[in-house]
>>> print(open('coords38.cif').read())   # mmCIF, C-alpha atoms and all ligand atoms
data_query
#
loop_
_atom_site.label_atom_id
_atom_site.label_comp_id
_atom_site.auth_asym_id
_atom_site.auth_seq_id
_atom_site.Cartn_x
_atom_site.Cartn_y
_atom_site.Cartn_z
CA MET A 250 102.74 -44.78 15.37
CA LYS A 251 105.28 -42.30 16.52
CA GLU A 252 106.19 -39.76 13.90
CA SER A 253 109.43 -39.03 15.61
CA SER A 254 110.89 -42.34 14.51
CA ASN A 255 112.96 -41.67 11.48
CA SER A 256 113.58 -45.17 10.26
CA PRO A 257 114.02 -45.06 6.46
CA LYS A 258 111.42 -47.81 6.09
CA LEU A 259 108.78 -45.81 7.96
CA ILE A 260 109.63 -42.68 5.99
CA PHE A 261 109.20 -44.71 2.84
CA GLU A 262 105.79 -45.91 4.04
CA GLU A 263 104.72 -42.34 4.78
CA LYS A 264 105.91 -41.29 1.33
CA LYS A 265 103.83 -44.01 -0.29
CA ALA A 266 100.77 -43.02 1.71
CA ILE A 267 101.23 -39.32 0.86
CA LYS A 268 101.65 -40.01 -2.84
CA LEU A 269 98.59 -42.23 -2.91
CA PHE A 270 96.62 -39.59 -1.09
CA LEU A 271 97.75 -36.75 -3.36
CA TRP A 272 96.81 -38.72 -6.45
CA LEU A 273 93.42 -39.67 -5.11
CA PHE A 274 92.64 -36.22 -3.84
CA ASN A 275 93.55 -34.35 -6.99
CA VAL A 276 92.10 -36.78 -9.50
CA ILE A 277 88.85 -36.99 -7.60
CA PHE A 278 88.67 -33.29 -6.85
CA PHE A 279 89.05 -32.28 -10.47
CA SER A 280 86.87 -35.07 -11.91
CA PHE A 281 84.12 -34.20 -9.43
CA ASP A 282 84.30 -30.50 -10.21
CA ILE A 283 84.33 -31.00 -13.95
CA PHE A 284 81.40 -33.37 -13.75
CA TYR A 285 79.39 -31.38 -11.24
CA TYR A 286 79.87 -27.90 -12.64
CA TYR A 287 80.52 -28.40 -16.33
CA ILE A 288 79.16 -31.69 -17.58
CA LEU A 289 76.06 -32.10 -15.47
CA PRO A 290 74.54 -28.61 -16.01
CA SER A 291 75.32 -28.57 -19.72
CA HIS A 292 72.04 -30.33 -20.51
CA ARG A 293 70.14 -27.48 -19.08
CA LYS A 294 72.38 -24.51 -19.49
CA PRO A 295 75.04 -23.61 -21.98
CA ILE A 296 78.49 -24.76 -21.00
CA GLY A 297 80.22 -22.10 -19.08
CA ILE A 298 81.60 -21.22 -15.73
CA GLN A 299 78.94 -22.27 -13.27
CA ARG A 300 81.13 -22.31 -10.21
CA ASP A 301 80.35 -19.62 -7.72
CA GLY A 302 81.93 -18.96 -4.35
CA LEU A 303 85.64 -18.62 -4.96
CA GLY A 304 84.83 -19.44 -8.57
CA ILE A 305 87.66 -20.62 -10.72
CA TRP A 306 90.09 -19.19 -8.17
CA VAL A 307 89.66 -22.42 -6.30
CA TYR A 308 91.70 -24.25 -8.96
CA PRO A 309 94.92 -22.26 -8.64
CA LEU A 310 94.60 -22.67 -4.86
CA ILE A 311 94.24 -26.44 -5.09
CA ILE A 312 97.13 -26.60 -7.56
CA ALA A 313 99.18 -24.40 -5.25
CA MET A 314 98.47 -26.86 -2.43
CA LEU A 315 99.78 -29.67 -4.60
CA LEU A 316 102.91 -27.73 -5.56
CA VAL A 317 103.67 -26.78 -1.97
CA SER A 318 103.21 -30.44 -0.97
CA ILE A 319 105.55 -31.63 -3.68
CA TYR A 320 108.07 -29.08 -2.46
CA PHE A 321 107.83 -30.40 1.09
CA ILE A 322 108.11 -33.99 -0.07
CA LYS A 323 111.26 -33.10 -2.01
CA LYS A 324 112.57 -31.38 1.10
CA GLU A 325 111.93 -34.63 3.01
CA ASN A 326 109.47 -32.83 5.24
CA LEU A 327 107.00 -35.64 4.80
CA TYR A 328 105.05 -35.86 8.00
CA PHE A 329 103.90 -32.29 7.66
CA VAL A 330 102.19 -32.66 4.27
CA LYS A 331 99.03 -34.42 5.38
CA TYR A 332 98.31 -31.80 8.03
CA PHE A 333 99.04 -29.03 5.59
CA TYR A 334 96.55 -30.57 3.16
CA ILE A 335 93.61 -30.94 5.49
CA ILE A 336 94.09 -27.55 7.09
CA SER A 337 94.45 -25.63 3.84
CA TYR A 338 91.51 -27.52 2.38
CA LEU A 339 89.35 -26.55 5.36
CA CYS A 340 90.31 -22.89 5.02
CA ILE A 341 89.62 -22.79 1.29
CA ASP A 342 86.29 -24.57 1.69
CA ILE A 343 85.08 -22.32 4.49
CA VAL A 344 85.92 -19.19 2.50
CA ASP A 345 84.37 -20.68 -0.63
CA ASN A 346 81.11 -21.46 1.17
CA LEU A 347 80.92 -18.16 3.00
CA ILE A 348 81.30 -16.21 -0.24
CA ARG A 349 78.72 -18.40 -1.89
CA TYR A 350 76.03 -18.43 0.79
CA LEU A 351 76.53 -15.63 3.27
CA GLY A 352 73.74 -13.10 2.86
CA THR A 353 71.89 -15.20 0.28
CA THR A 354 68.86 -17.43 0.67
CA LYS A 355 70.39 -20.17 -1.45
CA PRO A 356 69.97 -23.55 0.19
CA PHE A 357 73.26 -24.85 1.55
CA ALA A 358 74.68 -27.77 -0.40
CA SER A 359 77.99 -28.75 1.07
CA GLY A 360 79.85 -32.00 0.97
CA ASN A 361 82.51 -32.34 -1.61
CA ILE A 362 83.36 -35.93 -2.45
CA VAL A 363 87.03 -35.24 -1.55
CA GLU A 364 85.94 -34.81 2.03
CA ILE A 365 84.82 -38.41 2.03
CA ILE A 366 88.23 -39.32 0.60
CA PHE A 367 89.87 -37.43 3.46
CA ILE A 368 87.93 -39.43 6.03
CA ILE A 369 87.96 -42.92 4.62
CA PHE A 370 91.60 -42.74 3.64
CA SER A 371 92.76 -41.23 6.91
CA PRO A 372 93.70 -44.67 8.32
CA ILE A 373 96.39 -45.12 5.65
CA PHE A 374 98.63 -42.79 7.63
CA VAL A 375 98.17 -44.96 10.75
CA ASN A 376 98.17 -41.87 12.89
CA LYS A 377 95.51 -41.08 15.45
CA LYS A 378 96.29 -37.38 15.68
CA TYR A 379 95.78 -36.96 11.94
CA PHE A 380 92.58 -38.97 12.07
CA TRP A 381 91.14 -36.71 14.77
CA ILE A 382 92.10 -33.54 12.91
CA VAL A 383 90.45 -34.81 9.72
CA SER A 384 87.22 -36.04 11.33
CA LEU A 385 86.73 -33.28 13.83
CA GLY A 386 87.89 -30.68 11.29
CA LEU A 387 85.37 -31.71 8.65
CA ILE A 388 82.49 -32.30 11.03
CA GLY A 389 83.28 -29.07 12.85
CA LYS A 390 83.46 -27.16 9.58
CA ASP A 391 79.95 -28.23 8.58
CA ILE A 392 78.52 -27.46 11.99
CA PHE A 393 80.28 -24.08 11.94
CA LEU A 394 78.89 -23.25 8.49
CA GLY A 395 75.42 -24.43 9.50
CA LEU A 396 75.44 -22.13 12.51
CA ILE A 397 76.85 -19.12 10.67
CA LEU A 398 74.53 -19.49 7.68
CA LYS A 399 71.62 -20.51 9.92
CA ASP A 400 71.00 -23.35 7.51
CA TYR A 401 70.61 -26.55 9.40
CA PHE A 402 70.85 -28.64 6.30
CA ALA A 403 74.60 -28.32 6.81
CA PHE A 404 74.28 -30.75 9.70
CA PHE A 405 73.35 -33.53 7.34
CA PRO A 406 76.85 -34.01 5.85
CA ALA A 407 78.20 -33.69 9.37
CA MET A 408 76.13 -36.72 10.36
CA VAL A 409 77.34 -38.69 7.35
CA TYR A 410 80.94 -37.80 8.21
CA LEU A 411 80.38 -38.93 11.76
CA VAL A 412 79.35 -42.38 10.59
CA LEU A 413 82.23 -42.57 8.10
CA SER A 414 84.66 -41.42 10.79
CA LEU A 415 83.46 -44.19 13.03
CA LEU A 416 84.22 -46.74 10.31
CA ALA A 417 87.59 -45.15 9.62
CA TYR A 418 88.33 -45.21 13.33
CA ILE A 419 87.61 -48.93 13.53
CA LEU A 420 89.99 -49.49 10.62
CA LEU A 421 92.63 -47.35 12.24
CA VAL A 422 92.37 -49.20 15.53
CA ARG A 423 92.65 -52.52 13.69
CA PHE A 424 95.73 -51.32 11.79
CA ASN A 425 97.28 -50.11 14.99
CA SER A 426 96.62 -53.28 16.90
CA TYR A 427 97.96 -55.36 14.02
CA ILE A 428 101.11 -53.27 13.88
CA ASN A 429 101.55 -53.52 17.64
CA SER A 430 101.24 -57.30 17.51
CA LEU A 431 103.79 -57.43 14.72
CA LYS A 432 106.08 -55.25 16.77
CA SER A 433 105.82 -57.46 19.83
CA VAL A 434 106.36 -60.62 17.77
CA TYR A 435 109.43 -58.99 16.27
CA GLU A 436 110.65 -57.91 19.69
CA GLU A 437 110.18 -61.43 21.04
CA LEU A 438 112.07 -62.89 18.12
CA ARG A 439 114.90 -60.44 18.55
CA GLN A 440 115.06 -61.27 22.23
CA LYS A 441 115.17 -64.99 21.50
CA GLU A 442 117.83 -64.54 18.87
CA LYS A 443 119.90 -62.42 21.20
CA LEU A 444 119.57 -65.07 23.88
CA ALA A 445 120.50 -67.84 21.51
CA ILE A 446 123.67 -66.07 20.39
CA VAL A 447 124.63 -65.00 23.88
CA GLY A 448 123.79 -68.49 25.08
CA GLN A 449 126.00 -70.22 22.56
CA MET A 450 128.85 -67.89 23.34
CA ALA A 451 128.34 -68.28 27.05
CA ALA A 452 128.21 -72.05 26.80
CA ALA A 453 131.41 -72.16 24.75
CA ILE A 454 133.30 -69.76 27.00
CA GLY A 455 131.89 -71.35 30.14
CA HIS A 456 133.09 -74.72 29.01
CA GLU A 457 136.59 -73.38 28.48
CA ILE A 458 136.64 -71.67 31.86
CA LYS A 459 135.39 -74.57 33.92
CA ASN A 460 138.39 -76.84 33.48
CA PRO A 461 141.11 -74.39 34.50
CA LEU A 462 138.82 -73.26 37.29
CA SER A 463 138.50 -76.71 38.76
CA SER A 464 142.24 -77.27 38.72
CA LEU A 465 142.69 -73.85 40.31
CA LYS A 466 140.33 -74.87 43.07
CA GLY A 467 142.09 -78.21 43.49
CA PHE A 468 145.52 -76.60 43.83
CA THR A 469 144.20 -73.97 46.21
CA GLN A 470 142.77 -76.68 48.44
CA LEU A 471 146.07 -78.54 48.24
CA GLN A 472 147.97 -75.44 49.27
CA GLN A 473 145.56 -74.91 52.13
CA GLU A 474 146.20 -78.44 53.37
CA ARG A 475 149.94 -77.91 53.14
CA ASN A 476 149.85 -74.67 55.09
CA PRO A 477 147.07 -75.29 57.60
CA VAL A 478 148.05 -72.45 59.88
CA GLY A 479 148.42 -68.78 59.32
CA ASN A 480 146.73 -68.24 56.03
CA GLU A 481 143.23 -66.94 56.25
CA PHE A 482 143.08 -66.18 52.52
CA TYR A 483 142.59 -69.74 51.28
CA PRO A 484 138.93 -70.02 52.32
CA ILE A 485 138.22 -66.69 50.64
CA MET A 486 140.00 -67.83 47.49
CA ILE A 487 138.00 -71.05 47.42
CA GLN A 488 134.78 -69.15 48.05
CA GLU A 489 135.52 -66.79 45.19
CA ILE A 490 136.36 -69.65 42.86
CA ASP A 491 133.02 -71.21 43.78
CA ARG A 492 131.35 -67.92 42.97
CA ILE A 493 132.94 -67.79 39.52
CA ASN A 494 131.88 -71.36 39.05
CA SER A 495 128.26 -70.62 39.88
CA ILE A 496 128.21 -67.60 37.56
CA VAL A 497 129.63 -69.76 34.79
CA ASN A 498 126.96 -72.36 35.50
CA ASP A 499 124.23 -69.73 35.23
CA LEU A 500 125.70 -68.44 32.00
CA MET A 501 125.86 -71.94 30.55
CA TYR A 502 122.20 -72.33 31.38
CA LEU A 503 121.37 -69.58 28.91
CA GLY A 504 121.83 -71.39 25.67
CA LYS A 505 122.03 -75.06 26.35
CA PRO A 506 119.14 -77.32 25.44
CA ARG A 507 118.40 -79.13 28.65
CA LYS A 508 117.52 -82.69 29.28
CA ILE A 509 115.92 -83.18 32.61
CA LYS A 510 115.96 -86.42 34.43
CA PHE A 511 112.99 -86.46 36.74
CA GLU A 512 113.31 -88.33 39.96
CA LYS A 513 111.24 -88.42 43.09
CA ALA A 514 112.50 -86.05 45.73
CA SER A 515 111.32 -84.61 48.99
CA ILE A 516 110.59 -80.92 48.81
CA LYS A 517 111.09 -80.69 52.55
CA GLU A 518 114.66 -81.89 52.21
CA ILE A 519 115.32 -79.59 49.29
CA VAL A 520 114.12 -76.58 51.26
CA ALA A 521 116.08 -77.64 54.35
CA TYR A 522 119.21 -78.03 52.23
CA THR A 523 118.87 -74.59 50.64
CA ILE A 524 118.36 -72.98 54.02
CA SER A 525 121.49 -74.67 55.33
CA ILE A 526 123.47 -73.42 52.35
CA THR A 527 122.31 -69.83 52.74
CA GLN A 528 122.24 -69.74 56.55
CA GLN A 529 125.68 -68.27 56.95
CA GLN A 530 125.05 -65.35 54.61
CA ALA A 531 121.70 -64.74 56.32
CA GLU A 532 123.19 -64.70 59.80
CA MET A 533 125.86 -62.26 58.76
CA GLN A 534 123.15 -59.85 57.66
CA GLY A 535 120.82 -60.40 60.60
CA VAL A 536 118.28 -62.27 58.52
CA SER A 537 116.24 -65.06 60.09
CA PHE A 538 114.09 -67.77 58.52
CA GLN A 539 110.52 -68.60 59.47
CA THR A 540 109.37 -71.77 57.81
CA ILE A 541 105.92 -73.27 57.70
CA ILE A 542 106.07 -76.63 56.00
CA ALA A 543 102.95 -78.77 55.75
CA GLU A 544 103.04 -82.08 57.61
CA SER A 545 102.52 -84.57 54.83
CA LEU A 546 103.82 -83.58 51.47
CA PRO A 547 103.87 -85.83 48.45
CA PRO A 548 107.24 -86.36 46.78
CA VAL A 549 107.82 -84.20 43.72
CA GLN A 550 109.15 -85.40 40.42
CA CYS A 551 112.05 -83.14 39.70
CA GLU A 552 115.71 -82.81 39.06
CA GLU A 553 116.77 -82.23 42.62
CA LYS A 554 119.94 -80.31 41.85
CA GLN A 555 118.06 -77.84 39.75
CA LEU A 556 115.27 -77.28 42.24
CA LYS A 557 117.88 -76.61 44.89
CA GLN A 558 119.33 -74.01 42.54
CA VAL A 559 115.88 -72.40 42.26
CA PHE A 560 115.47 -71.98 46.00
CA ILE A 561 119.07 -70.92 46.54
CA ASN A 562 118.59 -68.16 43.96
CA LEU A 563 115.32 -67.00 45.47
CA ILE A 564 116.53 -67.08 49.06
CA LYS A 565 119.73 -65.29 48.11
CA ASN A 566 117.72 -62.55 46.45
CA ALA A 567 115.58 -62.26 49.56
CA ILE A 568 118.63 -61.98 51.81
CA GLU A 569 120.25 -59.47 49.50
CA ALA A 570 117.08 -57.36 49.60
CA MET A 571 117.48 -56.93 53.39
CA PRO A 572 120.91 -55.43 54.01
CA ASP A 573 119.78 -54.34 57.48
CA GLY A 574 118.27 -57.65 58.45
CA GLY A 575 114.72 -58.96 58.57
CA ARG A 576 112.75 -62.14 58.20
CA ILE A 577 112.24 -64.55 55.36
CA PHE A 578 109.02 -66.55 55.42
CA ILE A 579 109.08 -69.85 53.60
CA LYS A 580 105.81 -71.69 53.22
CA VAL A 581 105.38 -75.06 51.58
CA ASP A 582 101.94 -76.52 51.12
CA VAL A 583 99.80 -78.62 48.82
CA LEU A 584 97.82 -76.16 46.76
CA THR A 585 95.60 -78.58 44.87
CA GLU A 586 95.71 -82.29 44.26
CA LYS A 587 98.18 -81.71 41.48
CA THR A 588 100.16 -78.70 42.58
CA LEU A 589 102.57 -77.90 45.28
CA SER A 590 102.99 -74.33 46.38
CA ILE A 591 106.18 -72.86 47.77
CA SER A 592 106.39 -69.20 48.67
CA ILE A 593 109.39 -67.18 49.73
CA GLU A 594 108.60 -63.82 51.22
CA ASP A 595 110.97 -61.16 52.47
CA GLU A 596 110.73 -57.81 54.23
CA GLY A 597 113.24 -56.16 51.94
CA TYR A 598 113.29 -53.06 49.81
CA GLY A 599 110.91 -54.47 47.22
CA ILE A 600 110.69 -53.98 43.47
CA ALA A 601 109.07 -51.07 41.62
CA GLU A 602 105.99 -52.15 39.72
CA GLU A 603 107.35 -51.12 36.34
CA ASN A 604 110.39 -53.35 36.86
CA ILE A 605 108.50 -56.55 37.68
CA ASP A 606 108.12 -57.43 34.01
CA ILE A 607 111.81 -57.13 33.21
CA LEU A 608 113.16 -59.13 36.15
CA LEU A 609 113.39 -62.27 34.07
CA GLU A 610 115.46 -60.70 31.34
CA PRO A 611 119.04 -61.89 31.36
CA PHE A 612 121.53 -59.37 32.77
CA TYR A 613 118.89 -57.21 34.43
CA THR A 614 120.32 -56.40 37.83
CA THR A 615 120.22 -53.52 40.28
CA LYS A 616 123.08 -54.86 42.36
CA LYS A 617 126.66 -53.67 42.23
CA ASP A 618 128.04 -57.15 41.70
CA GLY A 619 124.89 -58.88 40.47
CA THR A 620 124.79 -60.91 37.28
CA GLY A 621 121.10 -60.53 36.52
CA LEU A 622 120.98 -64.20 35.66
CA GLY A 623 119.50 -65.68 38.84
CA LEU A 624 115.83 -65.09 38.17
CA MET A 625 116.15 -65.99 34.52
CA VAL A 626 117.72 -69.36 35.34
CA THR A 627 115.18 -69.86 38.13
CA ASN A 628 112.31 -69.21 35.80
CA GLN A 629 113.74 -71.52 33.13
CA ILE A 630 114.15 -74.36 35.59
CA ILE A 631 110.60 -73.90 36.86
CA ASN A 632 109.30 -73.84 33.29
CA ASP A 633 111.25 -76.99 32.53
CA HIS A 634 109.44 -78.55 35.46
CA LYS A 635 106.12 -77.36 34.00
CA GLY A 636 105.68 -75.13 37.00
CA GLU A 637 104.94 -71.46 37.38
CA MET A 638 106.51 -68.53 39.18
CA LYS A 639 104.75 -65.35 40.29
CA ILE A 640 106.40 -62.31 41.82
CA GLU A 641 104.50 -59.80 43.93
CA SER A 642 106.25 -56.85 45.42
CA GLY A 643 105.83 -53.47 46.99
CA ILE A 644 108.51 -50.85 47.46
CA GLY A 645 109.54 -50.76 51.11
CA ILE A 646 107.18 -53.62 51.98
CA GLY A 647 108.92 -56.66 50.58
CA THR A 648 108.73 -59.27 47.89
CA LYS A 649 106.87 -62.54 47.66
CA VAL A 650 107.87 -65.13 45.13
CA HIS A 651 105.33 -67.83 44.64
CA VAL A 652 106.44 -71.06 42.97
CA MET A 653 103.92 -73.66 41.89
CA LEU A 654 105.13 -77.08 40.88
CA PRO A 655 103.17 -80.03 39.53
CA ILE A 656 103.36 -82.99 41.88
CA THR A 657 103.55 -85.71 39.26
CA GLN A 658 105.53 -85.57 36.08
CA LYS A 659 105.97 -87.67 33.04
CA ASN A 660 109.22 -89.52 33.21
CA THR A 661 111.38 -87.43 30.96
CA ASN A 662 111.10 -84.03 29.50
CA ASN A 663 113.33 -82.74 26.76
CA ARG A 664 113.51 -79.13 26.00
P1 LIG B 701 120.93 -60.56 40.58
O1 LIG B 701 120.52 -61.12 41.92
O2 LIG B 701 122.27 -61.04 40.12
O3 LIG B 701 120.83 -59.07 40.50
P2 LIG B 701 118.50 -61.78 39.71
O4 LIG B 701 118.04 -62.24 38.37
O5 LIG B 701 118.51 -62.78 40.80
O6 LIG B 701 119.93 -61.13 39.50
O7 LIG B 701 117.60 -60.55 40.15
C1 LIG B 701 117.44 -59.47 39.27
C2 LIG B 701 117.02 -58.24 40.02
O8 LIG B 701 115.70 -58.42 40.55
C3 LIG B 701 117.84 -57.89 41.22
O9 LIG B 701 118.99 -57.15 40.85
C4 LIG B 701 116.87 -57.08 42.06
O10 LIG B 701 116.83 -55.77 41.63
C5 LIG B 701 115.54 -57.69 41.74
N1 LIG B 701 115.11 -58.64 42.80
C6 LIG B 701 115.07 -59.98 42.72
N2 LIG B 701 114.59 -60.52 43.86
C7 LIG B 701 114.31 -59.48 44.68
C8 LIG B 701 113.78 -59.38 46.03
N3 LIG B 701 113.46 -60.47 46.74
N4 LIG B 701 113.62 -58.14 46.53
C9 LIG B 701 113.93 -57.04 45.81
N5 LIG B 701 114.43 -57.07 44.56
C10 LIG B 701 114.63 -58.27 43.99
MG MG B 702 120.02 -63.06 42.31
#
>>> encode(input="coords38.cif", output="structure tokens")
Amino acid sequence: MKESSNSPKLIFEEKKAIKLFLWLFNVIFFSFDIFYYYILPSHRKPIGIQRDGLGIWVYPLIIAMLLVSIYFIKKENLYFVKYFYIISYLCIDIVDNLIRYLGTTKPFASGNIVEIIFIIFSPIFVNKKYFWIVSLGLIGKDIFLGLILKDYFAFFPAMVYLVLSLLAYILLVRFNSYINSLKSVYEELRQKEKLAIVGQMAAAIGHEIKNPLSSLKGFTQLQQERNPVGNEFYPIMIQEIDRINSIVNDLMYLGKPRKIKFEKASIKEIVAYTISITQQQAEMQGVSFQTIIAESLPPVQCEEKQLKQVFINLIKNAIEAMPDGGRIFIKVDVLTEKTLSISIEDEGYGIAEENIDILLEPFYTTKKDGTGLGLMVTNQIINDHKGEMKIESGIGIGTKVHVMLPITQKNTNNR
């Protein structure tokens, strides 16, 4: 997880983890020391200070670590505390061991139980950097001491820590993957919610706009008939009204539950129709069509109007991707017994790889007067038809949109 995110909830989680860790560390450190140095030897020796190395000076240091940590927690400098703890612990322990063993023949006995706590509790911070510092720090410390003291028994705890680190790492990876799944589920939900709200709004507004729009179109046509000569603006006005109408239609597609009435239709006719609709725009831009349509094609079960919309959207995108002209290849063929394949390929500017995944999001557009709704509506219609759409593209090479549609359908499909 990123430590830079300052959401109060995440800060709260870090605070909980730090507190838990501080409690565990200090309780276990002091219980272990009391038991190991004062209770255990008392059977053999009189009770007294048995601790060598830094001796009892270790206690004020550990308490100082706690106080400094509490200070940082109070100062809301939370993310720093865990690093501070492991690093100061490593320093104290190295000094402690060097004083104790350097220049002596005493066998090395390292491995404080708190080190195990460091490792096995490292996943609670859900932070890979911290995990690596803890594991490598502790393993490295033992190897370092072993080499300095020329006592290879120090490698034994290092081996144990390696195994524990492996287990902790597995836990950490699991935590991380779980959190990532939760995040993506949440993101999906948010996206859906956003769409639902936008969709409802769009449907309501669209509905209100459509009526005045159709009377506007009617009156414009009437005016055009009355003044047949000398006014070249009427066709443009009608064209623009049609454009508003198609944008409104796309918007209304966002939120509405759709009932599809499947009927048999000829894909060949649908493709021919869409080419005829887009021909004018293509010619103006120097774009030509090359179609390869298989001889015998079975009829598809579809809602014809919607499928036409799909191919109009895709062909329009292809034309718009070639402002300086080019070719559009349209291929229709039977892919398998049950699927029909239609591909629309252009020689346009293409799409960057990192943008392919966001093309279907509503309002994603790179065009000056684009709506960013075309591909979303296209994809929805294809999904409603239980089909599939794939987009392949290369910058400067062109884009290929591959649509696969099932040939037969059940009679109705409610979404
Ligand atoms: P719009 O066409 O209104 O921008 P679309 O949903 O149809 O919305 O397309 C979204 C974006 O996807 C476009 O703005 C464009 O960047 C990219 N795109 C779609 N089709 C193509 C294509 N054939 N070639 C290059 N880019 C494309
Ligand atoms: Mg478009």
>>> closest_residue(input="coords38.cif", among="A:Gln529, A:Gln550, A:Ser495, A:Gln488", to="ligand LIG 701 (chain B)", atoms="all atoms listed in the file")
A:Ser495
>>> residues_near_ligand(input="coords38.cif", ligand="ligand MG 702 (chain B)", cutoff="6 Å", atoms="all atoms listed in the file", output="NGL selection string")
:A and (562 or 566 or 623)
>>> residues_around(input="coords38.cif", residues="Glu364 (chain A)", least_positions_apart="3", cutoff="12 Å", atoms="all atoms listed in the file", output="count of residues only")
34
>>> residues_near_ligand(input="coords38.cif", ligand="ligand LIG 701 (chain B)", cutoff="8 Å", atoms="all atoms listed in the file", output="JSON, numbers by chain")
{"A": [562, 563, 564, 565, 566, 567, 568, 569, 570, 571, 594, 595, 597, 598, 599, 600, 605, 608, 609, 610, 611, 612, 613, 614, 615, 616, 618, 619, 620, 621, 622, 623, 624, 625, 626, 642, 647, 648, 649, 650]}
>>> residues_around(input="coords38.cif", residues="Lys355 (chain A)", least_positions_apart="6", cutoff="12 Å", atoms="all atoms listed in the file", output="PyMOL selection string")
chain A and resi 301-302+346-349+398-400+402
>>> residues_around(input="coords38.cif", residues="Lys459 (chain A)", least_positions_apart="5", cutoff="9 Å", atoms="all atoms listed in the file", output="list in words")
Ile454, Ser464, Asn494, Val497 and Asn498 of chain A
>>> atom_distance(input="coords38.cif", atom1="CA of Asp573 (chain A)", atom2="CA of Thr527 (chain A)")
16.4 Å
>>> atom_distance(input="coords38.cif", atom1="CA of Val276 (chain A)", atom2="CA of Leu351 (chain A)")
29.2 Å
>>> residues_around(input="coords38.cif", residues="Tyr320 (chain A)", least_positions_apart="6", cutoff="12 Å", atoms="only C-alpha atoms", output="ChimeraX atom specification")
/A:313-314,326-327,329-330
>>> atom_distance(input="coords38.cif", atom1="CA of Glu436 (chain A)", atom2="CA of Ile260 (chain A)")
20.5 Å
>>> residues_around(input="coords38.cif", residues="region 632-640 of chain A", least_positions_apart="2", cutoff="7 Å", atoms="only C-alpha atoms", output="MDAnalysis selection string")
chainID A and resid 551 628:630 642 649:655
>>> closest_residue(input="coords38.cif", among="A:Phe321, A:Leu500, A:Lys331, A:Gly535", to="Phe380 (chain A)", atoms="only C-alpha atoms")
A:Lys331
>>> closest_residue(input="coords38.cif", among="A:Phe578, A:Tyr328, A:Val478, A:Val549", to="Leu259 (chain A)", atoms="only C-alpha atoms")
A:Tyr328
>>> residues_near_point(input="coords38.cif", point="(93.6, -23.5, -5.4)", cutoff="12 Å", atoms="all atoms listed in the file", output="PyMOL selection string")
chain A and resi 275+278-279+303-317+334+337-342+344-345
>>> write_last_selection(input="coords38.cif", atoms="C-alpha atoms", output="PDB file, in the coordinates of the input")
ATOM      1  CA  ASN A 275      93.550 -34.350  -6.990  1.00  0.00           C
ATOM      2  CA  PHE A 278      88.670 -33.290  -6.850  1.00  0.00           C
ATOM      3  CA  PHE A 279      89.050 -32.280 -10.470  1.00  0.00           C
ATOM      4  CA  LEU A 303      85.640 -18.620  -4.960  1.00  0.00           C
ATOM      5  CA  GLY A 304      84.830 -19.440  -8.570  1.00  0.00           C
ATOM      6  CA  ILE A 305      87.660 -20.620 -10.720  1.00  0.00           C
ATOM      7  CA  TRP A 306      90.090 -19.190  -8.170  1.00  0.00           C
ATOM      8  CA  VAL A 307      89.660 -22.420  -6.300  1.00  0.00           C
ATOM      9  CA  TYR A 308      91.700 -24.250  -8.960  1.00  0.00           C
ATOM     10  CA  PRO A 309      94.920 -22.260  -8.640  1.00  0.00           C
ATOM     11  CA  LEU A 310      94.600 -22.670  -4.860  1.00  0.00           C
ATOM     12  CA  ILE A 311      94.240 -26.440  -5.090  1.00  0.00           C
ATOM     13  CA  ILE A 312      97.130 -26.600  -7.560  1.00  0.00           C
ATOM     14  CA  ALA A 313      99.180 -24.400  -5.250  1.00  0.00           C
ATOM     15  CA  MET A 314      98.470 -26.860  -2.430  1.00  0.00           C
ATOM     16  CA  LEU A 315      99.780 -29.670  -4.600  1.00  0.00           C
ATOM     17  CA  LEU A 316     102.910 -27.730  -5.560  1.00  0.00           C
ATOM     18  CA  VAL A 317     103.670 -26.780  -1.970  1.00  0.00           C
ATOM     19  CA  TYR A 334      96.550 -30.570   3.160  1.00  0.00           C
ATOM     20  CA  SER A 337      94.450 -25.630   3.840  1.00  0.00           C
ATOM     21  CA  TYR A 338      91.510 -27.520   2.380  1.00  0.00           C
ATOM     22  CA  LEU A 339      89.350 -26.550   5.360  1.00  0.00           C
ATOM     23  CA  CYS A 340      90.310 -22.890   5.020  1.00  0.00           C
ATOM     24  CA  ILE A 341      89.620 -22.790   1.290  1.00  0.00           C
ATOM     25  CA  ASP A 342      86.290 -24.570   1.690  1.00  0.00           C
ATOM     26  CA  VAL A 344      85.920 -19.190   2.500  1.00  0.00           C
ATOM     27  CA  ASP A 345      84.370 -20.680  -0.630  1.00  0.00           C
TER      28      ASP A 345
END
>>> axis_aligned_box(input="coords38.cif", around="region 319-329 of chain A", padding_each_side="5 Å", output="JSON")
{"center_x": 108.2, "center_y": -32.5, "center_z": 2.2, "size_x": 18.7, "size_y": 16.8, "size_z": 21.7}
>>> closest_residue(input="coords38.cif", among="A:Gln534, A:Phe284, A:Leu556, A:Ser545", to="Lys513 (chain A)", atoms="only C-alpha atoms")
A:Leu556
>>> closest_residue(input="coords38.cif", among="A:Glu586, A:Glu262, A:Glu641, A:Glu442", to="Thr657 (chain A)", atoms="all atoms listed in the file")
A:Glu586
